[in-house]
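As provided, my_file38.pdb (PDB, C-alpha atoms, pLDDT in the B column) reads as follows.
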MODEL        1
ATOM      1  CA  MET I  15      24.192  16.480   1.953  1.00 60.00           C
ATOM      2  CA  VAL I  16      21.126  18.463   3.066  1.00 56.00           C
ATOM      3  CA  ASP I  17      18.773  19.985   0.483  1.00 55.00           C
ATOM      4  CA  ARG I  18      15.691  21.998   1.544  1.00 60.00           C
ATOM      5  CA  GLY I  19      15.940  20.582   5.066  1.00 76.00           C
ATOM      6  CA  VAL I  20      16.001  16.998   3.777  1.00 93.00           C
ATOM      7  CA  GLU I  21      19.122  14.871   4.070  1.00 94.00           C
ATOM      8  CA  VAL I  22      20.053  13.236   0.786  1.00 96.00           C
ATOM      9  CA  LEU I  23      21.405   9.688   1.130  1.00 97.00           C
ATOM     10  CA  SER I  24      22.962   7.308  -1.351  1.00 97.00           C
ATOM     11  CA  PRO I  25      21.044   4.049  -1.792  1.00 98.00           C
ATOM     12  CA  GLN I  26      23.703   2.218   0.263  1.00 98.00           C
ATOM     13  CA  SER I  27      23.551   4.804   3.070  1.00 98.00           C
ATOM     14  CA  ALA I  28      19.759   4.518   3.062  1.00 98.00           C
ATOM     15  CA  TRP I  29      20.020   0.723   3.382  1.00 98.00           C
ATOM     16  CA  ASP I  30      22.546   1.074   6.205  1.00 98.00           C
ATOM     17  CA  LEU I  31      20.243   3.477   8.086  1.00 97.00           C
ATOM     18  CA  LEU I  32      17.266   1.151   7.642  1.00 98.00           C
ATOM     19  CA  LYS I  33      19.363  -1.738   9.018  1.00 97.00           C
ATOM     20  CA  SER I  34      20.751   0.181  11.993  1.00 96.00           C
ATOM     21  CA  GLN I  35      17.730   2.223  13.122  1.00 95.00           C
ATOM     22  CA  ASN I  36      14.702   0.320  14.372  1.00 92.00           C
ATOM     23  CA  SER I  37      12.564   3.437  14.028  1.00 91.00           C
ATOM     24  CA  ALA I  38      13.552   4.153  10.396  1.00 96.00           C
ATOM     25  CA  ALA I  39      10.945   3.600   7.678  1.00 95.00           C
ATOM     26  CA  LEU I  40      11.147   3.615   3.868  1.00 97.00           C
ATOM     27  CA  VAL I  41       8.304   5.182   1.870  1.00 96.00           C
ATOM     28  CA  ASP I  42       8.095   4.375  -1.844  1.00 97.00           C
ATOM     29  CA  VAL I  43       6.227   7.293  -3.433  1.00 96.00           C
ATOM     30  CA  ARG I  44       6.050   5.916  -6.984  1.00 96.00           C
ATOM     31  CA  SER I  45       2.785   4.954  -8.684  1.00 93.00           C
ATOM     32  CA  ARG I  46       0.926   1.670  -8.333  1.00 91.00           C
ATOM     33  CA  ALA I  47       1.944   0.759 -11.883  1.00 91.00           C
ATOM     34  CA  GLU I  48       5.629   1.233 -11.025  1.00 93.00           C
ATOM     35  CA  TRP I  49       5.334  -0.935  -7.919  1.00 94.00           C
ATOM     36  CA  SER I  50       3.612  -3.677  -9.910  1.00 93.00           C
ATOM     37  CA  PHE I  51       5.693  -3.697 -13.078  1.00 93.00           C
ATOM     38  CA  VAL I  52       9.137  -2.418 -12.010  1.00 94.00           C
ATOM     39  CA  GLY I  53       9.389  -3.830  -8.475  1.00 95.00           C
ATOM     40  CA  VAL I  54       9.903  -2.478  -4.958  1.00 97.00           C
ATOM     41  CA  PRO I  55      12.712  -2.457  -2.411  1.00 98.00           C
ATOM     42  CA  ASP I  56      12.666  -5.593  -0.254  1.00 98.00           C
ATOM     43  CA  LEU I  57      13.186  -4.802   3.424  1.00 98.00           C
ATOM     44  CA  SER I  58      12.457  -8.324   4.687  1.00 97.00           C
ATOM     45  CA  PRO I  59      16.183  -8.936   5.395  1.00 97.00           C
ATOM     46  CA  VAL I  60      15.942  -6.203   8.072  1.00 96.00           C
ATOM     47  CA  GLY I  61      12.477  -7.223   9.308  1.00 96.00           C
ATOM     48  CA  LYS I  62      10.614  -4.270   7.813  1.00 95.00           C
ATOM     49  CA  GLN I  63       8.111  -3.522   5.087  1.00 93.00           C
ATOM     50  CA  VAL I  64       8.163  -0.673   2.597  1.00 94.00           C
ATOM     51  CA  VAL I  65       5.344   1.843   3.024  1.00 93.00           C
ATOM     52  CA  LEU I  66       3.705   2.276  -0.394  1.00 93.00           C
ATOM     53  CA  ALA I  67       2.125   5.721  -0.783  1.00 93.00           C
ATOM     54  CA  GLU I  68       1.624   7.465  -4.120  1.00 93.00           C
ATOM     55  CA  TRP I  69       2.893  11.058  -4.085  1.00 93.00           C
ATOM     56  CA  ARG I  70       1.648  11.689  -7.634  1.00 90.00           C
ATOM     57  CA  SER I  71      -0.921   9.460  -9.313  1.00 81.00           C
ATOM     58  CA  PHE I  72      -0.565   8.168 -12.861  1.00 79.00           C
ATOM     59  CA  PRO I  73      -1.571   9.170 -15.529  1.00 80.00           C
ATOM     60  CA  GLY I  74      -2.184  12.835 -14.698  1.00 82.00           C
ATOM     61  CA  MET I  75       0.592  12.929 -12.058  1.00 84.00           C
ATOM     62  CA  ALA I  76      -1.483  15.168  -9.775  1.00 88.00           C
ATOM     63  CA  VAL I  77      -0.171  15.429  -6.214  1.00 90.00           C
ATOM     64  CA  ASN I  78      -2.081  13.315  -3.703  1.00 90.00           C
ATOM     65  CA  PRO I  79      -3.587  15.999  -1.414  1.00 91.00           C
ATOM     66  CA  ARG I  80      -3.903  13.504   1.464  1.00 89.00           C
ATOM     67  CA  PHE I  81      -0.359  12.148   1.188  1.00 91.00           C
ATOM     68  CA  VAL I  82       0.879  13.284   4.622  1.00 87.00           C
ATOM     69  CA  GLU I  83      -2.361  12.276   6.334  1.00 86.00           C
ATOM     70  CA  GLU I  84      -2.194   8.829   4.735  1.00 87.00           C
ATOM     71  CA  LEU I  85       1.404   8.454   5.913  1.00 86.00           C
ATOM     72  CA  GLU I  86       0.464   9.469   9.452  1.00 83.00           C
ATOM     73  CA  GLU I  87      -2.391   6.956   9.450  1.00 83.00           C
ATOM     74  CA  GLY I  88      -0.190   4.190   8.043  1.00 80.00           C
ATOM     75  CA  MET I  89       2.848   4.768  10.260  1.00 82.00           C
ATOM     76  CA  GLY I  90       1.028   5.480  13.511  1.00 77.00           C
ATOM     77  CA  ASP I  91       1.598   8.083  16.188  1.00 75.00           C
ATOM     78  CA  PRO I  92       4.284   9.022  16.818  1.00 80.00           C
ATOM     79  CA  PRO I  93       5.761   8.565  13.356  1.00 84.00           C
ATOM     80  CA  PRO I  94       9.213   6.982  12.940  1.00 90.00           C
ATOM     81  CA  SER I  95      12.110   9.268  13.843  1.00 91.00           C
ATOM     82  CA  ASP I  96      13.688   8.747  10.398  1.00 95.00           C
ATOM     83  CA  ILE I  97      11.556   8.555   7.259  1.00 96.00           C
ATOM     84  CA  LEU I  98      13.299   7.759   3.978  1.00 97.00           C
ATOM     85  CA  PHE I  99      11.607   8.505   0.657  1.00 97.00           C
ATOM     86  CA  ILE I 100      12.336   6.804  -2.664  1.00 98.00           C
ATOM     87  CA  CYS I 101      10.899   7.168  -6.179  1.00 96.00           C
ATOM     88  CA  ARG I 102      12.177   6.279  -9.657  1.00 94.00           C
ATOM     89  CA  SER I 103      15.079   8.749  -9.823  1.00 92.00           C
ATOM     90  CA  GLY I 104      14.929  10.967  -6.727  1.00 89.00           C
ATOM     91  CA  ALA I 105      12.792  13.924  -7.863  1.00 90.00           C
ATOM     92  CA  ARG I 106       9.287  12.973  -6.659  1.00 93.00           C
ATOM     93  CA  SER I 107      10.690  11.602  -3.428  1.00 96.00           C
ATOM     94  CA  MET I 108      12.443  14.925  -2.720  1.00 95.00           C
ATOM     95  CA  GLU I 109       9.122  16.750  -3.146  1.00 94.00           C
ATOM     96  CA  ALA I 110       7.352  14.291  -0.848  1.00 95.00           C
ATOM     97  CA  ALA I 111      10.133  14.375   1.773  1.00 95.00           C
ATOM     98  CA  THR I 112      10.186  18.177   1.861  1.00 94.00           C
ATOM     99  CA  ILE I 113       6.421  18.544   2.315  1.00 92.00           C
ATOM    100  CA  THR I 114       6.274  15.725   4.853  1.00 90.00           C
ATOM    101  CA  ALA I 115       9.118  17.180   6.941  1.00 91.00           C
ATOM    102  CA  GLU I 116       7.447  20.595   6.984  1.00 91.00           C
ATOM    103  CA  ARG I 117       4.030  19.234   7.940  1.00 88.00           C
ATOM    104  CA  LEU I 118       5.080  16.662  10.535  1.00 85.00           C
ATOM    105  CA  ASN I 119       7.528  18.982  12.266  1.00 84.00           C
ATOM    106  CA  ALA I 120       4.936  21.800  12.266  1.00 84.00           C
ATOM    107  CA  ASN I 121       2.549  19.346  13.951  1.00 79.00           C
ATOM    108  CA  GLY I 122       5.047  18.809  16.777  1.00 84.00           C
ATOM    109  CA  HIS I 123       6.708  15.603  15.575  1.00 82.00           C
ATOM    110  CA  ALA I 124      10.510  15.504  15.641  1.00 85.00           C
ATOM    111  CA  VAL I 125      11.227  13.606  12.428  1.00 89.00           C
ATOM    112  CA  ARG I 126      14.156  13.547  10.053  1.00 93.00           C
ATOM    113  CA  CYS I 127      13.195  13.079   6.430  1.00 95.00           C
ATOM    114  CA  HIS I 128      15.692  11.674   3.947  1.00 97.00           C
ATOM    115  CA  ASN I 129      15.637  11.441   0.163  1.00 97.00           C
ATOM    116  CA  VAL I 130      17.222   8.407  -1.475  1.00 97.00           C
ATOM    117  CA  ALA I 131      19.381   9.879  -4.240  1.00 95.00           C
ATOM    118  CA  GLU I 132      19.247   8.023  -7.534  1.00 96.00           C
ATOM    119  CA  GLY I 133      15.899   6.493  -6.571  1.00 96.00           C
ATOM    120  CA  PHE I 134      14.915   2.918  -7.307  1.00 97.00           C
ATOM    121  CA  GLU I 135      15.917   2.857 -10.988  1.00 96.00           C
ATOM    122  CA  GLY I 136      18.484   5.657 -11.242  1.00 94.00           C
ATOM    123  CA  ASP I 137      19.727   7.503 -14.288  1.00 92.00           C
ATOM    124  CA  LEU I 138      19.256   6.627 -17.926  1.00 91.00           C
ATOM    125  CA  ASP I 139      22.007   4.593 -19.575  1.00 92.00           C
ATOM    126  CA  ALA I 140      23.351   5.106 -23.109  1.00 93.00           C
ATOM    127  CA  GLU I 141      20.304   3.278 -24.548  1.00 93.00           C
ATOM    128  CA  SER I 142      17.874   5.420 -22.489  1.00 94.00           C
ATOM    129  CA  HIS I 143      17.024   2.584 -20.081  1.00 91.00           C
ATOM    130  CA  ARG I 144      16.921   2.839 -16.302  1.00 90.00           C
ATOM    131  CA  GLY I 145      18.005   0.304 -13.700  1.00 88.00           C
ATOM    132  CA  ALA I 146      21.576  -0.425 -14.787  1.00 89.00           C
ATOM    133  CA  VAL I 147      23.622   2.736 -14.134  1.00 91.00           C
ATOM    134  CA  SER I 148      22.567   3.865 -10.667  1.00 95.00           C
ATOM    135  CA  GLY I 149      19.773   3.544  -8.141  1.00 96.00           C
ATOM    136  CA  TRP I 150      18.660   0.978  -5.568  1.00 97.00           C
ATOM    137  CA  LYS I 151      18.457  -1.888  -8.099  1.00 95.00           C
ATOM    138  CA  ALA I 152      21.774  -1.166  -9.825  1.00 95.00           C
ATOM    139  CA  ARG I 153      23.556  -0.904  -6.462  1.00 96.00           C
ATOM    140  CA  GLY I 154      22.596  -4.519  -5.735  1.00 96.00           C
ATOM    141  CA  LEU I 155      20.274  -3.765  -2.819  1.00 98.00           C
ATOM    142  CA  PRO I 156      17.389  -6.161  -2.086  1.00 98.00           C
ATOM    143  CA  TRP I 157      14.286  -5.780  -4.222  1.00 97.00           C
ATOM    144  CA  ARG I 158      11.437  -7.887  -5.488  1.00 96.00           C
ATOM    145  CA  GLN I 159       9.036  -7.888  -8.389  1.00 91.00           C
ATOM    146  CA  SER I 160       5.462  -9.169  -8.397  1.00 79.00           C
TER     147      SER I 160
ENDMDL
END
Produce structure tokens that represent the structure in this file.
Amino acid sequence: MVDRGVEVLSPQSAWDLLKSQNSAALVDVRSRAEWSFVGVPDLSPVGKQVVLAEWRSFPGMAVNPRFVEELEEGMGDPPPSDILFICRSGARSMEAATITAERLNANGHAVRCHNVAEGFEGDLDAESHRGAVSGWKARGLPWRQS
């Protein structure tokens, strides 16, 4: 499915793309606190590392005005042909993917941006907890916690 020019992938489809495409990169746009306390996807089985870049900073959740520039600096030139974005549930990563696709393509880079539906922790369960119903973790994909 394509939404606002960004392809939306299931967590499993995102993992499959990361495994099959050498030039694909995963950007985790959650906050530093989320990376530290909740965990991050583990791409070591496919010989890659997750790019950690806050889209919105806790506690005020203001958008990082240098987000795209920081990604460009961190990923090099040219950027990967496929950039996948993940957050807690899929909302922040869709914002980040949309802006990044617009900016990078306007700057002459041919990139495809993808949003990982369900995010890292997915939807709330009956007890209002995340991580068990859907998302990267619940789908049994590799992850690690510090």
Using all atoms listed in the file: which of I:Ser95, I:Ser24, I:Ser107, I:Ser71 has the shortest distance to Ala38 of chain I
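Under the stated criterion, the closest residue is I:Ser95.
Remark: for Val82 of chain I, the closest of the candidate residues I:Gln159, I:Ser142, I:Asn119, I:Gln35 is I:Asn119 (distances computed over all atoms listed in the file).
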Atom CA of Pro79 of chain I and atom CA of Leu98 of chain I, how far apart in Å?
19.5 Å
Using only C-alpha atoms: which of I:Asn121, I:Gln63, I:Ser103, I:Asn36 has the shortest distance to Asp91 of chain I:
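Ranked by minimum distance to Asp91 of chain I, first place goes to I:Asn121.
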Pull out every residue that the PyMOL selection byres ((chain I and resi 44-51) around 10) matches in the shown coordinates and put them as a ChimeraX atom specification.
/I:41-43,52-55,66-73,75,99-103,106-107,133-134,158-160
Check what the PyMOL selection byres ((chain I and resi 144-153) around 9) selects in the file above and give those residues as a PyMOL selection string.
chain I and resi 24-26+55+102-104+130-139+141-143+154-157
Please compute the atom CA of Ala28 of chain I-atom CA of Glu86 of chain I distance, one decimal, in Å.
20.9 Å
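The residues returned by the PyMOL selection byres ((chain I and resi 118) around 12) on the shown structure are Phe81, Val82, Glu83, Leu85, Glu86, Asp91, Pro92, Pro93, Pro94, Ser95, Asp96, Ile97, Ala110, Ala111, Thr112, Ile113, Thr114, Ala115, Glu116, Arg117, Asn119, Ala120, Asn121, Gly122, His123, Ala124, Val125, Arg126 and Cys127 of chain I.
Taking atom CA of Ala76 of chain I and atom CA of Trp29 of chain I as the two end points, the separation is 29.1 Å.
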Go through I:Ser34, I:Asn129, I:Ser27, I:Asn78 and flag the residue nearest Gly61 of chain I, using all atoms listed in the file for the distances.
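Answer, going by the shortest atom-to-atom distance: I:Ser34.
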Which residue of I:His128, I:Ala105, I:Gly74, I:Ala140 approaches Val20 of chain I most closely, using all atoms listed in the file
I:His128
Axis-aligned box for segment 100-103 of chain I, 8 Å per side, centre and edges in Å as lines of an AutoDock Vina configuration file:
center_x = 13.0
center_y = 7.5
center_z = -6.2
size_x = 20.2
size_y = 18.5
size_z = 23.2
Pick from I:Leu40, I:Val77, I:Leu32, I:Leu23, whichever lies nearest to Pro59 of chain I using all atoms listed in the file:
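Of the candidates, the smallest distance to Pro59 of chain I is held by I:Leu32.
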